[in-house]
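Colleague: Contents are CSV, C-alpha atoms; file name query_33.csv:
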chain,number,residue,atom,x,y,z
A,802,ASP,CA,-33.8,33.5,-13.6
A,803,THR,CA,-32.9,34.9,-10.2
A,804,ALA,CA,-30.0,33.1,-8.6
A,805,VAL,CA,-30.2,34.4,-5.1
A,806,SER,CA,-33.4,36.2,-4.0
A,807,GLN,CA,-34.3,38.0,-0.8
A,808,THR,CA,-37.5,39.4,0.5
A,809,PRO,CA,-38.4,42.1,1.4
A,810,LYS,CA,-36.2,44.5,-0.5
A,811,TYR,CA,-37.1,47.3,1.9
A,812,LEU,CA,-38.1,47.1,5.5
A,813,VAL,CA,-39.0,50.1,7.6
A,814,THR,CA,-40.1,49.3,11.2
A,815,GLN,CA,-40.2,50.7,14.7
A,816,MET,CA,-37.7,50.0,17.4
A,817,GLY,CA,-38.6,47.0,19.5
A,818,ASN,CA,-40.4,45.1,16.7
A,819,ASP,CA,-39.6,41.6,15.5
A,820,LYS,CA,-39.0,41.1,11.8
A,821,SER,CA,-37.8,38.4,9.4
A,822,ILE,CA,-35.9,38.4,6.1
A,823,LYS,CA,-36.1,35.5,3.7
A,824,CYS,CA,-33.4,34.2,1.3
A,825,GLU,CA,-33.6,31.5,-1.4
A,826,GLN,CA,-31.0,30.3,-3.9
A,827,ASN,CA,-31.6,28.2,-6.9
A,828,LEU,CA,-28.0,27.5,-7.7
A,829,GLY,CA,-27.8,24.2,-5.9
A,830,HIS,CA,-25.1,25.6,-3.6
A,831,ASP,CA,-24.3,24.0,-0.2
A,832,THR,CA,-23.4,27.1,1.7
A,833,MET,CA,-25.3,30.2,2.5
A,834,TYR,CA,-24.4,33.4,4.3
A,835,TRP,CA,-25.8,36.5,5.9
A,836,TYR,CA,-23.9,39.7,5.8
A,837,LYS,CA,-24.5,43.2,7.2
A,838,GLN,CA,-23.3,46.2,5.3
A,839,ASP,CA,-23.4,49.4,7.3
A,840,SER,CA,-23.4,53.0,6.3
A,841,LYS,CA,-19.6,52.9,5.9
A,842,LYS,CA,-20.0,50.1,3.3
A,843,PHE,CA,-18.2,47.5,5.5
A,844,LEU,CA,-19.5,44.1,4.5
A,845,LYS,CA,-19.4,41.9,7.6
A,846,ILE,CA,-20.2,38.3,7.8
A,847,MET,CA,-22.9,37.3,10.4
A,848,PHE,CA,-23.7,33.7,9.8
A,849,SER,CA,-22.9,30.8,7.5
A,850,TYR,CA,-24.8,27.6,7.0
A,851,ASN,CA,-23.6,24.5,5.1
A,852,ASN,CA,-26.3,22.0,4.3
A,853,LYS,CA,-28.6,23.4,6.9
A,854,GLU,CA,-25.9,23.3,9.6
A,855,LEU,CA,-24.6,26.4,11.2
A,856,ILE,CA,-20.8,26.7,10.6
A,857,ILE,CA,-20.1,30.3,11.3
A,858,ASN,CA,-21.6,32.5,14.0
A,859,GLU,CA,-19.8,35.7,14.3
A,860,THR,CA,-20.2,38.0,17.3
A,861,VAL,CA,-23.8,38.9,16.7
A,862,PRO,CA,-26.4,39.7,19.4
A,863,ASN,CA,-28.7,36.9,20.3
A,864,ARG,CA,-31.5,38.9,18.9
A,865,PHE,CA,-30.4,37.7,15.5
A,866,SER,CA,-31.4,34.1,14.8
A,867,PRO,CA,-30.9,32.4,11.5
A,868,LYS,CA,-32.9,29.4,10.3
A,869,SER,CA,-32.2,27.1,7.4
A,870,PRO,CA,-35.2,24.8,6.7
A,871,ASP,CA,-33.3,23.3,3.7
A,872,LYS,CA,-30.1,24.0,1.9
A,873,ALA,CA,-31.8,26.4,-0.6
A,874,HIS,CA,-33.2,28.7,2.1
A,875,LEU,CA,-31.6,30.7,4.9
A,876,ASN,CA,-33.9,33.1,6.8
A,877,LEU,CA,-32.9,35.7,9.4
A,878,HIS,CA,-35.2,36.6,12.3
A,879,ILE,CA,-34.4,39.7,14.3
A,880,ASN,CA,-36.0,40.3,17.7
A,881,SER,CA,-36.4,43.6,19.5
A,882,LEU,CA,-35.0,45.7,16.7
A,883,GLU,CA,-32.7,48.6,17.6
A,884,LEU,CA,-31.7,51.7,15.8
A,885,GLY,CA,-28.2,50.3,15.2
A,886,ASP,CA,-29.7,47.4,13.3
A,887,SER,CA,-30.4,49.8,10.4
A,888,ALA,CA,-28.2,48.5,7.5
A,889,VAL,CA,-28.4,46.6,4.3
A,890,TYR,CA,-28.5,42.8,4.8
A,891,PHE,CA,-27.2,40.6,2.0
A,892,CYS,CA,-27.7,36.9,1.6
A,893,ALA,CA,-25.1,35.0,-0.4
A,894,SER,CA,-24.4,31.4,-1.5
A,895,SER,CA,-21.4,29.5,-2.6
A,896,GLN,CA,-20.5,25.9,-3.5
A,897,ALA,CA,-18.4,24.6,-0.7
A,898,GLY,CA,-15.1,22.9,-1.4
A,899,GLY,CA,-12.9,22.9,-4.4
A,900,GLY,CA,-11.1,26.1,-3.5
A,901,GLN,CA,-13.0,28.5,-5.7
A,902,GLU,CA,-15.6,29.7,-3.3
A,903,THR,CA,-17.2,32.4,-5.4
A,904,GLN,CA,-20.1,33.9,-3.7
A,905,TYR,CA,-23.3,35.0,-5.3
A,906,PHE,CA,-25.2,37.8,-3.5
A,907,GLY,CA,-28.8,38.5,-3.3
A,908,PRO,CA,-30.1,42.0,-4.0
A,909,GLY,CA,-30.1,43.0,-0.4
A,910,THR,CA,-32.7,44.0,2.2
A,911,ARG,CA,-32.6,47.7,3.3
A,912,LEU,CA,-33.6,47.8,6.9
A,913,LEU,CA,-34.5,51.1,8.5
A,914,VAL,CA,-35.3,51.1,12.2
A,915,LEU,CA,-37.1,54.2,13.5
B,687,GLY,CA,-7.5,39.9,14.2
B,688,GLN,CA,-8.2,40.3,10.5
B,689,ASN,CA,-7.2,43.5,8.8
B,690,ILE,CA,-7.9,44.4,5.2
B,691,ASP,CA,-7.0,47.9,3.8
B,692,GLN,CA,-8.0,49.6,0.7
B,693,PRO,CA,-8.0,53.3,-0.3
B,694,THR,CA,-11.4,54.9,0.3
B,695,GLU,CA,-11.9,56.6,-3.0
B,696,MET,CA,-10.1,57.1,-6.3
B,697,THR,CA,-10.9,59.1,-9.4
B,698,ALA,CA,-9.8,58.3,-13.0
B,699,THR,CA,-10.6,59.4,-16.5
B,700,GLU,CA,-12.5,57.4,-19.1
B,701,GLY,CA,-10.2,55.4,-21.3
B,702,ALA,CA,-7.4,55.4,-18.7
B,703,ILE,CA,-5.9,52.6,-16.5
B,704,VAL,CA,-6.4,52.5,-12.8
B,705,GLN,CA,-4.9,50.2,-10.1
B,706,ILE,CA,-6.7,49.6,-6.8
B,707,ASN,CA,-4.5,48.2,-4.1
B,708,CYS,CA,-5.4,46.0,-1.2
B,709,THR,CA,-3.2,44.9,1.7
B,710,TYR,CA,-4.2,42.3,4.2
B,711,GLN,CA,-3.1,40.8,7.5
B,712,THR,CA,-5.1,37.7,8.3
B,713,SER,CA,-4.5,34.6,10.5
B,714,GLY,CA,-4.9,32.3,7.5
B,715,PHE,CA,-5.3,32.6,3.7
B,716,ASN,CA,-7.2,30.4,1.2
B,717,GLY,CA,-7.7,33.0,-1.5
B,718,LEU,CA,-8.4,36.6,-2.4
B,719,PHE,CA,-11.5,37.8,-4.2
B,720,TRP,CA,-12.4,41.1,-5.9
B,721,TYR,CA,-16.0,42.2,-6.1
B,722,GLN,CA,-17.7,45.1,-7.8
B,723,GLN,CA,-20.6,46.8,-6.2
B,724,HIS,CA,-22.6,49.5,-7.9
B,725,ALA,CA,-24.5,51.9,-5.6
B,726,GLY,CA,-27.6,50.3,-4.2
B,727,GLU,CA,-26.8,47.0,-5.7
B,728,ALA,CA,-25.3,43.6,-4.6
B,729,PRO,CA,-21.6,42.8,-4.9
B,730,THR,CA,-20.8,40.8,-8.0
B,731,PHE,CA,-17.7,38.6,-8.5
B,732,LEU,CA,-14.8,39.9,-10.6
B,733,SER,CA,-11.8,37.8,-9.9
B,734,TYR,CA,-10.1,35.3,-7.7
B,735,ASN,CA,-6.4,34.7,-6.8
B,736,VAL,CA,-5.0,31.9,-4.7
B,737,LEU,CA,-1.5,31.7,-6.2
B,738,ASP,CA,1.0,34.5,-6.6
B,739,GLY,CA,0.9,36.3,-9.9
B,740,LEU,CA,-1.5,38.0,-12.3
B,741,GLU,CA,-4.9,36.7,-13.4
B,742,GLU,CA,-6.3,38.4,-16.5
B,743,LYS,CA,-9.9,38.6,-17.4
B,744,GLY,CA,-10.7,41.0,-20.3
B,745,ARG,CA,-10.3,44.6,-19.1
B,746,PHE,CA,-9.8,43.5,-15.5
B,747,SER,CA,-6.7,41.9,-14.1
B,748,SER,CA,-5.8,41.0,-10.5
B,749,PHE,CA,-2.5,40.4,-8.9
B,750,LEU,CA,-1.5,38.6,-5.7
B,751,SER,CA,1.7,38.5,-3.6
B,752,ARG,CA,1.1,36.2,-0.6
B,753,SER,CA,4.4,37.0,1.0
B,754,LYS,CA,3.7,40.7,1.0
B,755,GLY,CA,0.0,40.3,1.9
B,756,TYR,CA,-0.8,42.5,-1.2
B,757,SER,CA,-3.2,42.4,-4.1
B,758,TYR,CA,-4.3,44.9,-6.7
B,759,LEU,CA,-7.1,45.1,-9.2
B,760,LEU,CA,-6.2,46.7,-12.6
B,761,LEU,CA,-8.9,48.1,-14.8
B,762,LYS,CA,-8.0,49.1,-18.3
B,763,GLU,CA,-9.8,51.2,-20.9
B,764,LEU,CA,-12.0,52.6,-18.2
B,765,GLN,CA,-15.7,53.1,-19.0
B,766,MET,CA,-18.2,55.3,-17.2
B,767,LYS,CA,-20.0,52.1,-16.1
B,768,ASP,CA,-16.9,51.1,-14.1
B,769,SER,CA,-17.9,53.8,-11.6
B,770,ALA,CA,-18.6,51.6,-8.5
B,771,SER,CA,-17.1,50.4,-5.3
B,772,TYR,CA,-14.5,47.6,-5.5
B,773,LEU,CA,-14.3,45.2,-2.6
B,774,CYS,CA,-11.3,43.1,-1.7
B,775,ALA,CA,-12.1,40.0,0.3
B,776,VAL,CA,-9.8,37.4,1.9
B,777,TYR,CA,-11.2,33.8,2.1
B,778,ASN,CA,-10.0,32.0,5.2
B,779,PHE,CA,-11.4,28.8,6.8
B,780,ASN,CA,-15.0,29.2,5.4
B,781,LYS,CA,-15.1,32.9,6.1
B,782,PHE,CA,-14.8,35.9,3.9
B,783,TYR,CA,-13.3,39.1,5.3
B,784,PHE,CA,-14.1,42.1,3.3
B,785,GLY,CA,-12.3,45.5,3.1
B,786,SER,CA,-14.4,48.6,3.3
B,787,GLY,CA,-14.2,49.0,-0.5
B,788,THR,CA,-12.7,51.6,-2.8
B,789,LYS,CA,-15.1,53.9,-4.5
B,790,LEU,CA,-14.0,54.5,-8.1
B,791,ASN,CA,-15.2,57.6,-9.9
B,792,VAL,CA,-14.7,57.6,-13.6
B,793,LYS,CA,-15.0,61.0,-15.2
B,794,PRO,CA,-15.4,61.8,-18.9
Here is the file; what I need is its structure written in the form of structure tokens.
Modeller:
Amino acid sequence: DTAVSQTPKYLVTQMGNDKSIKCEQNLGHDTMYWYKQDSKKFLKIMFSYNNKELIINETVPNRFSPKSPDKAHLNLHINSLELGDSAVYFCASSQAGGGQETQYFGPGTRLLVL
Amino acid sequence: GQNIDQPTEMTATEGAIVQINCTYQTSGFNGLFWYQQHAGEAPTFLSYNVLDGLEEKGRFSSFLSRSKGYSYLLLKELQMKDSASYLCAVYNFNKFYFGSGTKLNVKP
């Protein structure tokens, strides 16, 4: 059973297009995250949601808009894609509170902007 | 700002022991995590330290010194499948700050 799933796994698109990435977790976790991993392998947090509420919004261009319809889903919509958006985007989830915030990652979405 | 440093790359021999260091300077601290990431795959959880000392988990151990802002991951009896990147992450007020990872090459 997949714990954290993302679609699509690969996304190749032209500059200027709008695209969405979907994430779902079946772990019953309260918190979900979006990360961007660039070519240098730096994993950088973009957004975090807790029970459908935005709790972290790092310095990310407004072209990136997360949406959480329920606590099991966190989607990422990107407008006007740019070359620099090419990266691997990972969704993750964790159970908030208790101190041991182990994150479980999805398989990643490899975005290539041409 | 948040600063987490790890060596970029290390090489070790199958069956040996390797220690991967991580130093951090963050505005707060609620725990330190180690993740393993094979090429082209998602990071997977290895260990968690919130108090000073050594946590042992099979062939993997992780050490933390909060006063020194220092942690290490110790891998014993290295296997070829341990070739991967190892990411150090500091948890602080709902955020995870990741280092750039240490790529470990295990050779026969």
Colleague: Find the nearest atom pair between each residue of chain B and chain A for residues within 9 Å, count all atoms listed in the file, give distances in Å to one decimal, sort rows by chain and ascending number, and present the table as a Markdown table.
Modeller:
| residue | atom | partner | partner_atom | distance |
| --- | --- | --- | --- | --- |
| B:Asn716 | CA | A:Gly900 | CA | 7.5 |
| B:Gly717 | CA | A:Gly900 | CA | 7.9 |
| B:Phe719 | CA | A:Thr903 | CA | 7.9 |
| B:Gly726 | CA | A:Gly909 | CA | 8.6 |
| B:Glu727 | CA | A:Pro908 | CA | 6.2 |
| B:Ala728 | CA | A:Pro908 | CA | 5.1 |
| B:Pro729 | CA | A:Phe906 | CA | 6.3 |
| B:Thr730 | CA | A:Tyr905 | CA | 6.9 |
| B:Phe731 | CA | A:Thr903 | CA | 6.9 |
| B:Ser733 | CA | A:Thr903 | CA | 8.9 |
| B:Tyr734 | CA | A:Gln901 | CA | 7.7 |
| B:Val736 | CA | A:Gly900 | CA | 8.5 |
| B:Leu773 | CA | A:Leu844 | CA | 8.9 |
| B:Tyr777 | CA | A:Glu902 | CA | 8.1 |
| B:Asn780 | CA | A:Ile857 | CA | 7.9 |
| B:Lys781 | CA | A:Ile846 | CA | 7.6 |
| B:Phe782 | CA | A:Ile846 | CA | 7.1 |
| B:Tyr783 | CA | A:Lys845 | CA | 7.1 |
| B:Phe784 | CA | A:Leu844 | CA | 5.9 |
| B:Gly785 | CA | A:Phe843 | CA | 6.7 |
| B:Ser786 | CA | A:Phe843 | CA | 4.5 |
| B:Gly787 | CA | A:Lys842 | CA | 7.0 |
Colleague: What is the atom CA of B:Glu695-atom CA of B:Leu737 distance in Å, reported with one decimal?
Modeller: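 Computing it gives 27.2 Å between the two atoms.
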Colleague: Identify, on the basis of only C-alpha atoms, every residue whose closest approach to B:Lys743 does not exceed 12 Å; exclude the query and any residue fewer than 6 positions from it along the same chain; express the result as a list in words.
Modeller: Phe731, Leu732, Ser733, Tyr734, Asn735, Phe749, Leu759, Leu760, Leu761 and Lys762 of chain B
Colleague: List every protein, DNA or RNA residue that has an atom no more than 6 Å from (-31.2, 34.7, 15.0) in the file's coordinate frame, counting only C-alpha atoms, and report them as a list in words.
Modeller: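 Result, sorted by chain then residue number: Arg864, Phe865, Ser866, Pro867, Leu877, His878 and Ile879 of chain A.
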Colleague: Given the choices A:Tyr811, A:Lys837, A:Gln896, A:Asn827, which gets closest to A:Val861 if the distance is worked out from all atoms listed in the file?
Modeller: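 The closest residue to A:Val861 is A:Lys837.
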Colleague: Measure the distance from atom CA of B:Thr699 to atom CA of B:Ala775 in Å and round it to one decimal.
Modeller: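 Value for the atom CA of B:Thr699-atom CA of B:Ala775 distance: 25.7 Å.
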Colleague: Residues within 10 Å of A:Glu854, please, as a short mmCIF file (atom, residue, chain, number, x, y, z; two decimals) with C-alpha atoms, in the coordinates of the input. Count all atoms listed in the file; anything in the same chain fewer than 5 positions from it doesn't count.
Modeller:
data_model
loop_
_atom_site.label_atom_id
_atom_site.label_comp_id
_atom_site.auth_asym_id
_atom_site.auth_seq_id
_atom_site.Cartn_x
_atom_site.Cartn_y
_atom_site.Cartn_z
CA ASP A 831 -24.30 24.00 -0.20
CA THR A 832 -23.40 27.10 1.70
CA MET A 833 -25.30 30.20 2.50
CA SER A 849 -22.90 30.80 7.50
CA LYS A 868 -32.90 29.40 10.30
CA SER A 869 -32.20 27.10 7.40
CA PRO A 870 -35.20 24.80 6.70
CA ASP A 871 -33.30 23.30 3.70
CA LYS A 872 -30.10 24.00 1.90
#
Colleague: Atom CA of B:Arg752 and atom CA of B:Leu764, how far apart in Å?
Modeller: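 Pair atom CA of B:Leu764 / atom CA of B:Arg752 returns 27.4 Å.
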Colleague: Determine, counting all atoms listed in the file, which protein, DNA and RNA residues have an atom within 10 Å of an atom of B:Pro794; residues of the same chain fewer than 3 positions away are not included. Present the result as a PyMOL selection string.
Modeller: chain B and resi 698-701+764-766+791
Colleague: Closest to A:Thr808 among A:Asn858, A:Asn876, A:Ser881, A:Ser887, using only C-alpha atoms?
Modeller: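 Ranking A:Asn858, A:Asn876, A:Ser881, A:Ser887 by distance to A:Thr808, first place goes to A:Asn876.
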Colleague: Counting all atoms listed in the file, what is within 10 Å of stretch 711-713 of chain B, bar same-chain residues fewer than 2 positions away, as a list in words?
Modeller: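 Result of the neighbour search: Gly687, Gln688, Asn689, Ile690, Asp691, Thr709, Phe715, Lys754, Gly755, Tyr756, Val776, Tyr777, Asn778, Phe779 and Tyr783 of chain B.
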Colleague: With C-alpha atoms retained, write the just-selected residues as a PDB file, keeping the file's coordinate frame.
Modeller:
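Heads up, here's the output in selection_9.pdb:
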ATOM      1  CA  GLY B 687      -7.500  39.900  14.200  1.00  0.00           C
ATOM      2  CA  GLN B 688      -8.200  40.300  10.500  1.00  0.00           C
ATOM      3  CA  ASN B 689      -7.200  43.500   8.800  1.00  0.00           C
ATOM      4  CA  ILE B 690      -7.900  44.400   5.200  1.00  0.00           C
ATOM      5  CA  ASP B 691      -7.000  47.900   3.800  1.00  0.00           C
ATOM      6  CA  THR B 709      -3.200  44.900   1.700  1.00  0.00           C
ATOM      7  CA  PHE B 715      -5.300  32.600   3.700  1.00  0.00           C
ATOM      8  CA  LYS B 754       3.700  40.700   1.000  1.00  0.00           C
ATOM      9  CA  GLY B 755       0.000  40.300   1.900  1.00  0.00           C
ATOM     10  CA  TYR B 756      -0.800  42.500  -1.200  1.00  0.00           C
ATOM     11  CA  VAL B 776      -9.800  37.400   1.900  1.00  0.00           C
ATOM     12  CA  TYR B 777     -11.200  33.800   2.100  1.00  0.00           C
ATOM     13  CA  ASN B 778     -10.000  32.000   5.200  1.00  0.00           C
ATOM     14  CA  PHE B 779     -11.400  28.800   6.800  1.00  0.00           C
ATOM     15  CA  TYR B 783     -13.300  39.100   5.300  1.00  0.00           C
TER      16      TYR B 783
END
Colleague: Can you patch up stretch 853-874 of chain A, filling it in to N, CA and C atoms, and show the result as an mmCIF file, keeping the file's coordinate frame?
Modeller:
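Dumped to rebuild-v6.cif:
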data_model
loop_
_atom_site.group_PDB
_atom_site.id
_atom_site.type_symbol
_atom_site.label_atom_id
_atom_site.label_comp_id
_atom_site.auth_asym_id
_atom_site.auth_seq_id
_atom_site.Cartn_x
_atom_site.Cartn_y
_atom_site.Cartn_z
ATOM 1 N N LYS A 853 -27.680 23.108 5.780
ATOM 2 C CA LYS A 853 -28.600 23.400 6.900
ATOM 3 C C LYS A 853 -27.915 23.416 8.266
ATOM 4 N N GLU A 854 -26.588 23.254 8.310
ATOM 5 C CA GLU A 854 -25.900 23.300 9.600
ATOM 6 C C GLU A 854 -25.143 24.605 9.775
ATOM 7 N N LEU A 855 -25.257 25.196 10.946
ATOM 8 C CA LEU A 855 -24.600 26.400 11.200
ATOM 9 C C LEU A 855 -23.062 26.168 11.347
ATOM 10 N N ILE A 856 -22.246 26.873 10.542
ATOM 11 C CA ILE A 856 -20.800 26.700 10.600
ATOM 12 C C ILE A 856 -20.070 27.953 11.048
ATOM 13 N N ILE A 857 -20.684 29.087 10.860
ATOM 14 C CA ILE A 857 -20.100 30.300 11.300
ATOM 15 C C ILE A 857 -21.134 31.142 12.040
ATOM 16 N N ASN A 858 -20.756 31.596 13.220
ATOM 17 C CA ASN A 858 -21.600 32.500 14.000
ATOM 18 C C ASN A 858 -20.725 33.550 14.570
ATOM 19 N N GLU A 859 -20.627 34.665 13.865
ATOM 20 C CA GLU A 859 -19.800 35.700 14.300
ATOM 21 C C GLU A 859 -20.377 36.381 15.577
ATOM 22 N N THR A 860 -19.673 37.342 16.122
ATOM 23 C CA THR A 860 -20.200 38.000 17.300
ATOM 24 C C THR A 860 -21.371 38.853 16.972
ATOM 25 N N VAL A 861 -22.510 38.207 17.024
ATOM 26 C CA VAL A 861 -23.800 38.900 16.700
ATOM 27 C C VAL A 861 -24.694 38.735 17.859
ATOM 28 N N PRO A 862 -25.445 39.804 18.209
ATOM 29 C CA PRO A 862 -26.400 39.700 19.400
ATOM 30 C C PRO A 862 -27.327 38.528 19.203
ATOM 31 N N ASN A 863 -27.735 37.978 20.331
ATOM 32 C CA ASN A 863 -28.700 36.900 20.300
ATOM 33 C C ASN A 863 -30.021 37.210 19.721
ATOM 34 N N ARG A 864 -30.269 38.493 19.555
ATOM 35 C CA ARG A 864 -31.500 38.900 18.900
ATOM 36 C C ARG A 864 -31.621 38.464 17.485
ATOM 37 N N PHE A 865 -30.471 38.127 16.906
ATOM 38 C CA PHE A 865 -30.400 37.700 15.500
ATOM 39 C C PHE A 865 -30.424 36.148 15.511
ATOM 40 N N SER A 866 -31.405 35.553 14.859
ATOM 41 C CA SER A 866 -31.400 34.100 14.800
ATOM 42 C C SER A 866 -31.681 33.623 13.376
ATOM 43 N N PRO A 867 -30.682 32.934 12.804
ATOM 44 C CA PRO A 867 -30.900 32.400 11.500
ATOM 45 C C PRO A 867 -31.589 31.050 11.531
ATOM 46 N N LYS A 868 -32.248 30.723 10.400
ATOM 47 C CA LYS A 868 -32.900 29.400 10.300
ATOM 48 C C LYS A 868 -32.783 28.904 8.901
ATOM 49 N N SER A 869 -32.364 27.653 8.749
ATOM 50 C CA SER A 869 -32.200 27.100 7.400
ATOM 51 C C SER A 869 -33.089 25.834 7.336
ATOM 52 N N PRO A 870 -34.303 25.959 6.780
ATOM 53 C CA PRO A 870 -35.200 24.800 6.700
ATOM 54 C C PRO A 870 -34.679 23.748 5.693
ATOM 55 N N ASP A 871 -33.945 24.193 4.677
ATOM 56 C CA ASP A 871 -33.300 23.300 3.700
ATOM 57 C C ASP A 871 -32.116 24.043 3.125
ATOM 58 N N LYS A 872 -31.300 23.371 2.335
ATOM 59 C CA LYS A 872 -30.100 24.000 1.900
ATOM 60 C C LYS A 872 -30.273 25.147 0.909
ATOM 61 N N ALA A 873 -31.490 25.275 0.393
ATOM 62 C CA ALA A 873 -31.800 26.400 -0.600
ATOM 63 C C ALA A 873 -32.313 27.612 0.117
ATOM 64 N N HIS A 874 -32.571 27.539 1.414
ATOM 65 C CA HIS A 874 -33.200 28.700 2.100
ATOM 66 C C HIS A 874 -32.413 28.987 3.390
#
